[in-house]
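Visitor: For reference, this is coords.cif, and it has mmCIF, C-alpha atoms.
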```cif
data_run
#
loop_
_atom_site.label_atom_id
_atom_site.label_comp_id
_atom_site.auth_asym_id
_atom_site.auth_seq_id
_atom_site.Cartn_x
_atom_site.Cartn_y
_atom_site.Cartn_z
CA MET A 1 -22.66 2.89 -19.84
CA THR A 2 -19.84 1.01 -21.55
CA ASP A 3 -16.58 -0.72 -20.77
CA TYR A 4 -13.44 1.24 -21.60
CA LEU A 5 -9.94 0.35 -22.61
CA ILE A 6 -7.64 3.11 -21.34
CA VAL A 7 -4.61 3.72 -23.57
CA LEU A 8 -1.67 5.98 -22.69
CA ASN A 9 0.08 7.50 -25.70
CA LYS A 10 3.56 8.31 -24.41
CA ASP A 11 4.94 10.40 -27.27
CA GLU A 12 1.93 12.67 -27.71
CA ASP A 13 1.12 13.07 -24.01
CA THR A 14 -2.47 11.91 -24.26
CA VAL A 15 -4.87 9.33 -22.88
CA SER A 16 -7.35 7.67 -25.22
CA PHE A 17 -10.56 6.02 -24.08
CA VAL A 18 -11.64 3.15 -26.30
CA ASP A 19 -15.25 1.91 -26.31
CA GLU A 20 -14.28 -1.71 -25.75
CA PRO A 21 -17.33 -3.46 -27.26
CA ASN A 22 -17.01 -1.41 -30.47
CA ARG A 23 -13.20 -1.02 -30.45
CA LYS A 24 -13.44 2.68 -31.22
CA VAL A 25 -11.62 5.63 -29.63
CA VAL A 26 -14.36 7.84 -28.21
CA LYS A 27 -12.25 10.49 -26.49
CA THR A 28 -8.61 11.58 -26.31
CA ILE A 29 -7.39 14.03 -23.66
CA SER A 30 -4.03 15.76 -23.19
CA VAL A 31 -2.19 14.85 -19.98
CA GLY A 32 1.22 15.54 -18.46
CA ARG A 33 4.43 14.61 -20.22
CA SER A 34 5.13 10.95 -21.00
CA PRO A 35 2.18 9.06 -19.46
CA HIS A 36 3.41 5.53 -18.71
CA GLU A 37 1.01 3.44 -16.61
CA VAL A 38 -2.59 3.54 -15.38
CA SER A 39 -4.57 1.77 -12.67
CA VAL A 40 -8.31 1.75 -11.98
CA THR A 41 -10.23 1.55 -8.71
CA PRO A 42 -12.18 -1.70 -8.20
CA ASP A 43 -15.50 0.14 -8.50
CA GLY A 44 -14.48 1.56 -11.88
CA VAL A 45 -14.95 5.13 -10.71
CA LYS A 46 -11.39 6.51 -10.86
CA ALA A 47 -8.28 6.00 -12.98
CA TYR A 48 -4.77 6.97 -11.85
CA ILE A 49 -2.41 7.93 -14.67
CA SER A 50 1.32 8.17 -13.94
CA CYS A 51 2.86 10.93 -16.04
CA ALA A 52 6.49 9.94 -15.62
CA GLY A 53 7.97 12.88 -17.51
CA ALA A 54 5.90 15.41 -15.59
CA ASN A 55 6.41 13.76 -12.17
CA THR A 56 2.68 13.78 -11.53
CA VAL A 57 -0.25 11.40 -11.16
CA GLU A 58 -3.47 12.51 -12.85
CA VAL A 59 -6.80 11.29 -11.52
CA PHE A 60 -9.71 10.76 -13.90
CA ASP A 61 -13.44 10.32 -13.35
CA MET A 62 -14.29 7.27 -15.45
CA LYS A 63 -17.99 8.03 -15.66
CA LYS A 64 -17.43 11.49 -17.10
CA LEU A 65 -14.05 10.74 -18.73
CA GLU A 66 -12.73 13.93 -17.19
CA ARG A 67 -9.73 14.85 -15.05
CA ILE A 68 -10.51 15.30 -11.37
CA THR A 69 -7.18 16.44 -10.04
CA ILE A 70 -3.41 16.21 -10.41
CA ILE A 71 -1.38 14.70 -7.56
CA LYS A 72 2.07 16.22 -7.05
CA HIS A 73 4.82 15.41 -4.60
CA ASP A 74 8.32 16.83 -4.15
CA GLU A 75 9.83 13.34 -4.18
CA PHE A 76 8.11 12.02 -7.30
CA ARG A 77 10.83 11.14 -9.82
CA PHE A 78 9.49 9.20 -12.77
CA PRO A 79 6.36 7.82 -11.07
CA HIS A 80 5.57 4.57 -12.85
CA GLU A 81 3.19 1.69 -12.19
CA SER A 82 0.52 1.81 -9.52
CA ALA A 83 -2.06 -0.64 -8.20
CA VAL A 84 -5.23 0.05 -6.22
CA LEU A 85 -5.91 -2.16 -3.19
CA PRO A 86 -9.02 -4.36 -3.58
CA ASP A 87 -10.91 -2.38 -0.95
CA GLY A 88 -10.36 0.78 -2.99
CA SER A 89 -8.71 2.66 -0.13
CA LYS A 90 -5.09 3.09 -1.25
CA VAL A 91 -2.92 3.30 -4.34
CA VAL A 92 0.54 1.72 -4.20
CA LEU A 93 2.85 3.57 -6.61
CA ALA A 94 6.44 2.73 -7.59
CA SER A 95 8.60 5.73 -8.55
CA THR A 96 11.59 4.62 -10.60
CA TYR A 97 14.25 7.29 -10.11
CA ALA A 98 13.09 8.21 -6.63
CA ASN A 99 13.79 4.62 -5.51
CA LYS A 100 10.64 4.95 -3.43
CA VAL A 101 7.11 3.64 -3.14
CA PHE A 102 4.29 6.09 -2.46
CA ILE A 103 0.98 5.31 -0.78
CA ILE A 104 -1.89 7.49 -2.02
CA ASP A 105 -5.16 7.91 -0.15
CA VAL A 106 -7.96 7.37 -2.69
CA GLN A 107 -10.56 9.44 -0.85
CA LYS A 108 -8.28 12.47 -0.52
CA ASP A 109 -6.12 11.85 -3.62
CA GLU A 110 -3.04 12.77 -1.62
CA VAL A 111 0.23 11.01 -0.81
CA GLU A 112 0.01 9.81 2.77
CA LYS A 113 3.22 7.79 3.07
CA VAL A 114 6.62 7.54 1.39
CA ILE A 115 8.62 4.30 1.68
CA GLU A 116 12.29 3.87 0.82
CA ALA A 117 12.66 1.16 -1.83
CA LYS A 118 15.33 -0.64 -3.82
CA ARG A 119 17.07 0.89 -6.83
CA MET A 120 14.77 1.70 -9.77
CA SER A 121 11.50 0.46 -8.27
CA HIS A 122 9.31 0.23 -11.35
CA MET A 123 6.30 -2.12 -11.61
CA THR A 124 3.64 -3.08 -9.07
CA ALA A 125 1.47 -6.18 -8.58
CA LEU A 126 -0.89 -7.19 -5.79
CA MET A 127 -1.90 -10.40 -4.11
CA PRO A 128 -5.57 -11.05 -5.01
CA ASP A 129 -6.61 -10.26 -1.43
CA GLY A 130 -4.45 -7.12 -1.41
CA SER A 131 -2.39 -8.27 1.57
CA LYS A 132 0.93 -7.83 -0.23
CA ALA A 133 2.33 -5.64 -2.96
CA TYR A 134 5.17 -6.83 -5.18
CA ILE A 135 7.57 -4.26 -6.66
CA SER A 136 10.08 -5.03 -9.42
CA ASN A 137 13.40 -3.23 -9.05
CA ILE A 138 15.24 -2.87 -12.35
CA GLY A 139 18.42 -1.51 -10.79
CA SER A 140 18.84 -4.10 -8.04
CA ASN A 141 17.71 -7.24 -9.91
CA SER A 142 15.11 -7.98 -7.29
CA VAL A 143 11.44 -8.05 -6.41
CA SER A 144 10.39 -6.53 -3.08
CA ILE A 145 7.35 -7.62 -1.08
CA LEU A 146 5.45 -5.00 0.90
CA ASP A 147 2.94 -5.69 3.68
CA THR A 148 0.00 -3.45 2.77
CA LYS A 149 -1.28 -3.13 6.34
CA SER A 150 1.92 -2.15 8.11
CA PHE A 151 3.57 -0.80 4.93
CA GLU A 152 6.78 -2.53 5.99
CA TRP A 153 8.98 -4.58 3.68
CA ILE A 154 8.61 -8.33 4.15
CA THR A 155 11.55 -9.43 2.04
CA HIS A 156 13.45 -8.84 -1.20
CA ILE A 157 13.78 -11.69 -3.72
CA PRO A 158 16.76 -11.86 -6.09
CA VAL A 159 15.72 -12.47 -9.70
CA GLY A 160 17.30 -12.08 -13.15
CA ARG A 161 18.79 -9.07 -14.91
CA SER A 162 16.69 -5.90 -15.15
CA PRO A 163 13.34 -7.27 -13.93
CA GLU A 164 10.43 -5.20 -15.13
CA GLY A 165 7.09 -6.87 -15.84
CA ILE A 166 5.57 -8.70 -12.88
CA ALA A 167 2.19 -10.26 -12.13
CA ILE A 168 0.55 -12.48 -9.53
CA SER A 169 -1.63 -15.37 -10.72
CA PRO A 170 -5.36 -15.07 -9.88
CA ASP A 171 -5.06 -17.86 -7.30
CA GLY A 172 -2.14 -16.07 -5.63
CA LYS A 173 0.21 -19.05 -5.99
CA TRP A 174 2.67 -17.71 -8.56
CA LEU A 175 4.71 -14.59 -9.14
CA TYR A 176 5.92 -14.21 -12.72
CA CYS A 177 8.80 -11.78 -13.22
CA ALA A 178 10.04 -10.83 -16.70
CA ASN A 179 13.78 -10.20 -16.73
CA GLN A 180 14.29 -8.11 -19.83
CA ASP A 181 18.09 -8.41 -20.05
CA ASP A 182 18.31 -12.21 -19.92
CA ASP A 183 15.15 -13.08 -21.90
CA LEU A 184 13.77 -15.15 -19.05
CA VAL A 185 10.64 -15.12 -16.95
CA TYR A 186 11.21 -16.26 -13.37
CA VAL A 187 8.41 -18.23 -11.74
CA ILE A 188 8.38 -17.66 -7.97
CA GLU A 189 6.26 -19.76 -5.61
CA THR A 190 4.61 -17.21 -3.33
CA SER A 191 4.24 -19.62 -0.40
CA ASN A 192 8.00 -19.68 0.14
CA ASN A 193 9.28 -16.92 -2.21
CA ALA A 194 11.55 -19.48 -3.88
CA LEU A 195 12.40 -19.82 -7.56
CA TYR A 196 10.30 -22.64 -9.05
CA ALA A 197 11.04 -22.41 -12.78
CA ARG A 198 12.52 -20.31 -15.55
CA ILE A 199 10.73 -19.72 -18.85
CA SER A 200 12.70 -18.81 -21.98
CA THR A 201 11.00 -16.21 -24.16
CA ASP A 202 11.74 -14.12 -27.21
CA ARG A 203 13.95 -11.01 -26.95
CA VAL A 204 13.27 -8.57 -24.09
CA PRO A 205 10.17 -9.80 -22.24
CA ILE A 206 8.78 -6.57 -20.85
CA ARG A 207 5.39 -7.28 -19.21
CA VAL A 208 3.39 -10.17 -17.74
CA THR A 209 -0.40 -10.44 -17.55
CA PHE A 210 -2.45 -13.43 -16.42
CA SER A 211 -5.73 -14.34 -18.06
CA ARG A 212 -8.83 -13.90 -15.93
CA ASP A 213 -9.21 -17.66 -15.44
CA GLY A 214 -5.53 -18.08 -14.56
CA LYS A 215 -4.94 -20.52 -17.42
CA TYR A 216 -2.48 -18.41 -19.38
CA ALA A 217 0.23 -15.83 -18.88
CA PHE A 218 0.72 -13.40 -21.77
CA ILE A 219 4.24 -12.00 -22.12
CA PRO A 220 5.00 -9.34 -24.76
CA ASN A 221 8.57 -9.45 -26.05
CA ARG A 222 9.64 -5.93 -26.93
CA GLU A 223 12.54 -6.65 -29.30
CA GLY A 224 11.01 -9.83 -30.70
CA ASN A 225 7.74 -8.11 -31.67
CA THR A 226 5.95 -11.19 -30.41
CA LEU A 227 3.67 -12.34 -27.61
CA SER A 228 4.66 -15.45 -25.65
CA ILE A 229 1.69 -17.45 -24.40
CA VAL A 230 2.47 -19.62 -21.38
CA THR A 231 0.27 -22.25 -19.74
CA VAL A 232 0.36 -21.63 -16.00
CA GLU A 233 -0.36 -25.28 -15.18
CA ASN A 234 3.13 -26.33 -16.26
CA HIS A 235 4.83 -22.93 -16.81
CA ARG A 236 5.60 -23.66 -20.46
CA GLU A 237 5.42 -21.47 -23.52
CA ILE A 238 2.93 -23.08 -25.90
CA LYS A 239 2.75 -20.44 -28.57
CA ARG A 240 4.53 -17.33 -29.78
CA ILE A 241 2.52 -15.04 -32.01
CA PRO A 242 3.58 -11.93 -33.95
CA VAL A 243 2.00 -8.66 -32.90
CA GLY A 244 3.01 -5.07 -33.71
CA VAL A 245 6.39 -3.43 -33.26
CA TRP A 246 7.62 -2.99 -29.68
CA PRO A 247 4.71 -4.59 -27.81
CA GLY A 248 4.25 -3.49 -24.22
CA GLY A 249 1.17 -2.99 -22.06
CA THR A 250 -1.18 -6.00 -22.07
CA VAL A 251 -4.62 -6.37 -20.50
CA PHE A 252 -7.66 -8.68 -20.60
CA ASN A 253 -11.25 -7.49 -20.85
CA ALA A 254 -13.85 -8.17 -18.14
CA LYS A 255 -15.24 -11.29 -19.85
CA GLY A 256 -11.74 -12.68 -20.24
CA ASN A 257 -12.36 -13.65 -23.86
CA LEU A 258 -10.12 -10.96 -25.39
CA ALA A 259 -6.67 -9.56 -24.67
CA TYR A 260 -5.20 -6.27 -25.85
CA VAL A 261 -1.51 -5.57 -26.49
CA ALA A 262 -0.17 -2.04 -27.01
CA ASN A 263 2.33 -1.82 -29.86
CA ASN A 264 4.59 1.14 -29.11
CA LYS A 265 6.05 1.66 -32.58
CA THR A 266 3.08 0.86 -34.81
CA ASN A 267 0.70 3.05 -32.80
CA ASP A 268 -1.98 0.44 -32.46
CA ILE A 269 -3.46 -2.22 -30.20
CA SER A 270 -3.52 -5.91 -31.14
CA VAL A 271 -6.77 -7.69 -30.23
CA ILE A 272 -6.29 -11.37 -29.37
CA ASP A 273 -9.01 -13.99 -29.18
CA ILE A 274 -8.38 -16.26 -26.19
CA LYS A 275 -10.07 -19.32 -27.71
CA THR A 276 -7.95 -19.33 -30.86
CA LEU A 277 -4.91 -17.49 -29.44
CA LYS A 278 -4.79 -15.43 -32.62
CA VAL A 279 -4.78 -11.72 -33.43
CA ILE A 280 -8.26 -10.92 -34.79
CA ASP A 281 -8.14 -7.12 -35.07
CA THR A 282 -6.13 -3.96 -34.45
CA ILE A 283 -7.20 -0.62 -33.00
CA ASP A 284 -5.46 2.57 -34.15
CA VAL A 285 -4.62 4.88 -31.26
CA GLY A 286 -2.09 7.66 -30.55
CA ILE A 287 1.67 7.89 -30.85
CA HIS A 288 3.67 5.33 -28.83
CA PRO A 289 0.88 3.61 -26.88
CA ASP A 290 2.14 1.61 -23.91
CA GLY A 291 0.29 1.68 -20.59
CA LEU A 292 -3.13 0.00 -20.69
CA ALA A 293 -5.94 -0.64 -18.26
CA PHE A 294 -9.40 -2.07 -18.58
CA CYS A 295 -12.29 -0.32 -16.86
CA PRO A 296 -15.68 -2.00 -16.60
CA VAL A 297 -17.83 1.01 -15.83
CA LYS A 298 -20.58 0.17 -13.37
CA GLY A 299 -23.88 1.89 -12.81
#
```
As a first step, turn the structure in this file into structure tokens.
Guide:
Amino acid sequence: MTDYLIVLNKDEDTVSFVDEPNRKVVKTISVGRSPHEVSVTPDGVKAYISCAGANTVEVFDMKKLERITIIKHDEFRFPHESAVLPDGSKVVLASTYANKVFIIDVQKDEVEKVIEAKRMSHMTALMPDGSKAYISNIGSNSVSILDTKSFEWITHIPVGRSPEGIAISPDGKWLYCANQDDDLVYVIETSNNALYARISTDRVPIRVTFSRDGKYAFIPNREGNTLSIVTVENHREIKRIPVGVWPGGTVFNAKGNLAYVANNKTNDISVIDIKTLKVIDTIDVGIHPDGLAFCPVKG
């Protein structure tokens, strides 16, 4: 068995599976129109691919690299980022133009609950223990916090203009929110949901991903064609490195020694060494790669 990097190629409607140790595409499969984001169950068995243009979620068997089923719902409108709870029981999915969040039962692969959300609910992040889900709302300049037991909203936090990328630090202390229209990342202290700091970035910060050890936050800047590297200890940008054109999806491998950044307009993935904080390789993939996930296949 091997570890896979899952790459969604938005403009050719495919998913590519990259053999991560060898950095080679081993399989590419057609999916529904405009696949945007992908999440993986904690056991590495299933992957959930949001096909925003088709208003579907496709479920893949990660051992066989085959489609299991396609989840449909009458209220799906541009289903976007999802996250699987740590116990593997539920998927929390934000649907952008539905202004709703959907809860999917992993065992049945069916929508079991629909929750009214703020305008243009888009990206999803989880507390490490899975107790809360955080949803960025592009259209209401806010981040919403959902209790994942009661599936009731806890609160809604005002942030900057057009928030998109969000992530929770591995220790659960910090929420980073990338506000793409003001070129700022807001740092929110999760203990009180208050703004702690603002980090200036390059043009249009679009995603946020924390390193496995929680030392760094990687922030791709779409219009700057750069990656901002922030030290979480003091919430400061320490380096800005060039990557491909229109960087987007960013993910770390299981060992935490490498990061991957999808470059939408150069149709490749930048490979970044965490020790040197330099690009050491690129992987050619499909047309307009964006959504990424890492899947350590087990057993």
Visitor: Tell me, in Å to one decimal, how far CA of Lys239 in chain A is from CA of Asn141 in chain A.
Guide: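 Separation of CA of Lys239 in chain A and CA of Asn141 in chain A: 27.3 Å.
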Visitor: When you look at Thr266 in chain A with a cut-off of 8 Å (counting only C-alpha atoms), what residues show up, excluding the ones that are within fewer than 3 positions of it in the same chain? I need them as JSON, numbers by chain.
Guide: {"A": [244, 245, 246, 263, 288]}
Visitor: Using all atoms listed in the file for the distances, tell me which of A:Gly165, A:Pro86, A:Pro21, A:Pro205 is nearest to Val40 in chain A.
Guide: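 Between A:Gly165, A:Pro86, A:Pro21, A:Pro205, the residue approaching Val40 in chain A most closely is A:Pro86.
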Visitor: Output as a Markdown table one row per residue of range 33-69 of chain A within 12 Å of range 117-132 of chain A: the closest atom pair and its distance in Å to one decimal place, counting all atoms listed in the file, sorted by chain and residue number ascending.
Guide:
```
| residue | atom | partner | partner_atom | distance |
| --- | --- | --- | --- | --- |
| A:His36 | CA | A:His122 | CA | 10.8 |
| A:Glu37 | CA | A:Met123 | CA | 9.2 |
| A:Val38 | CA | A:Thr124 | CA | 11.1 |
| A:Ser39 | CA | A:Thr124 | CA | 10.2 |
| A:Pro42 | CA | A:Gly130 | CA | 11.6 |
| A:Ser50 | CA | A:His122 | CA | 11.6 |
| A:Ala52 | CA | A:His122 | CA | 11.0 |
```
Visitor: Kindly provide the residues of range 98-130 of chain A that approach range 68-73 of chain A to within 12 Å, each paired with its closest atom pair and their distance in Å to one decimal, based on only C-alpha atoms, listed by chain and increasing number, as CSV.
Guide:
```
residue,atom,partner,partner_atom,distance
A:Ala98,CA,A:His73,CA,11.2
A:Phe102,CA,A:His73,CA,9.6
A:Ile103,CA,A:His73,CA,11.5
A:Ile104,CA,A:Ile71,CA,9.1
A:Asp105,CA,A:Ile71,CA,10.7
A:Val106,CA,A:Ile71,CA,11.0
A:Lys108,CA,A:Ile71,CA,10.1
A:Asp109,CA,A:Ile71,CA,6.8
A:Glu110,CA,A:Ile71,CA,6.5
A:Val111,CA,A:His73,CA,7.4
A:Glu112,CA,A:His73,CA,10.4
A:Lys113,CA,A:His73,CA,10.9
A:Val114,CA,A:His73,CA,10.1
```
Visitor: Keeping only C-alpha atoms, write the selected residues as a JSON list (two decimals), in the coordinates of the input.
Guide:
```
[["chain", "number", "residue", "atom", "x", "y", "z"],
["A", 98, "ALA", "CA", 13.09, 8.21, -6.63],
["A", 102, "PHE", "CA", 4.29, 6.09, -2.46],
["A", 103, "ILE", "CA", 0.98, 5.31, -0.78],
["A", 104, "ILE", "CA", -1.89, 7.49, -2.02],
["A", 105, "ASP", "CA", -5.16, 7.91, -0.15],
["A", 106, "VAL", "CA", -7.96, 7.37, -2.69],
["A", 108, "LYS", "CA", -8.28, 12.47, -0.52],
["A", 109, "ASP", "CA", -6.12, 11.85, -3.62],
["A", 110, "GLU", "CA", -3.04, 12.77, -1.62],
["A", 111, "VAL", "CA", 0.23, 11.01, -0.81],
["A", 112, "GLU", "CA", 0.01, 9.81, 2.77],
["A", 113, "LYS", "CA", 3.22, 7.79, 3.07],
["A", 114, "VAL", "CA", 6.62, 7.54, 1.39]]
```
Visitor: Just so the selection is clear, what residues does the PyMOL selection byres ((chain A and resi 269-284) around 7) cover here, as a list in words?
Guide: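 On the file shown, the PyMOL selection byres ((chain A and resi 269-284) around 7) covers Arg23, Val243, Asn257, Leu258, Ala259, Tyr260, Val261, Ala262, Asn263, Asn267, Asp268 and Val285 of chain A.
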Visitor: Let me make sure I understand: among A:Val230, A:Leu175, A:Ile287, A:Val159, which one has the smallest atom-to-atom distance to Thr190 in chain A if we use all atoms listed in the file?
Guide: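 Answer, going by the shortest atom-to-atom distance: A:Leu175.
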Visitor: Evaluated on this file, the PyMOL selection byres ((chain A and resi 236) around 10) picks out some residues - which ones are they, written as a count of residues only?
Guide: 18
Visitor: Can you work out the spacing between CA of Phe252 in chain A and CA of Leu5 in chain A in Å, to one decimal?
Guide: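 CA of Leu5 in chain A lies 9.5 Å from CA of Phe252 in chain A.
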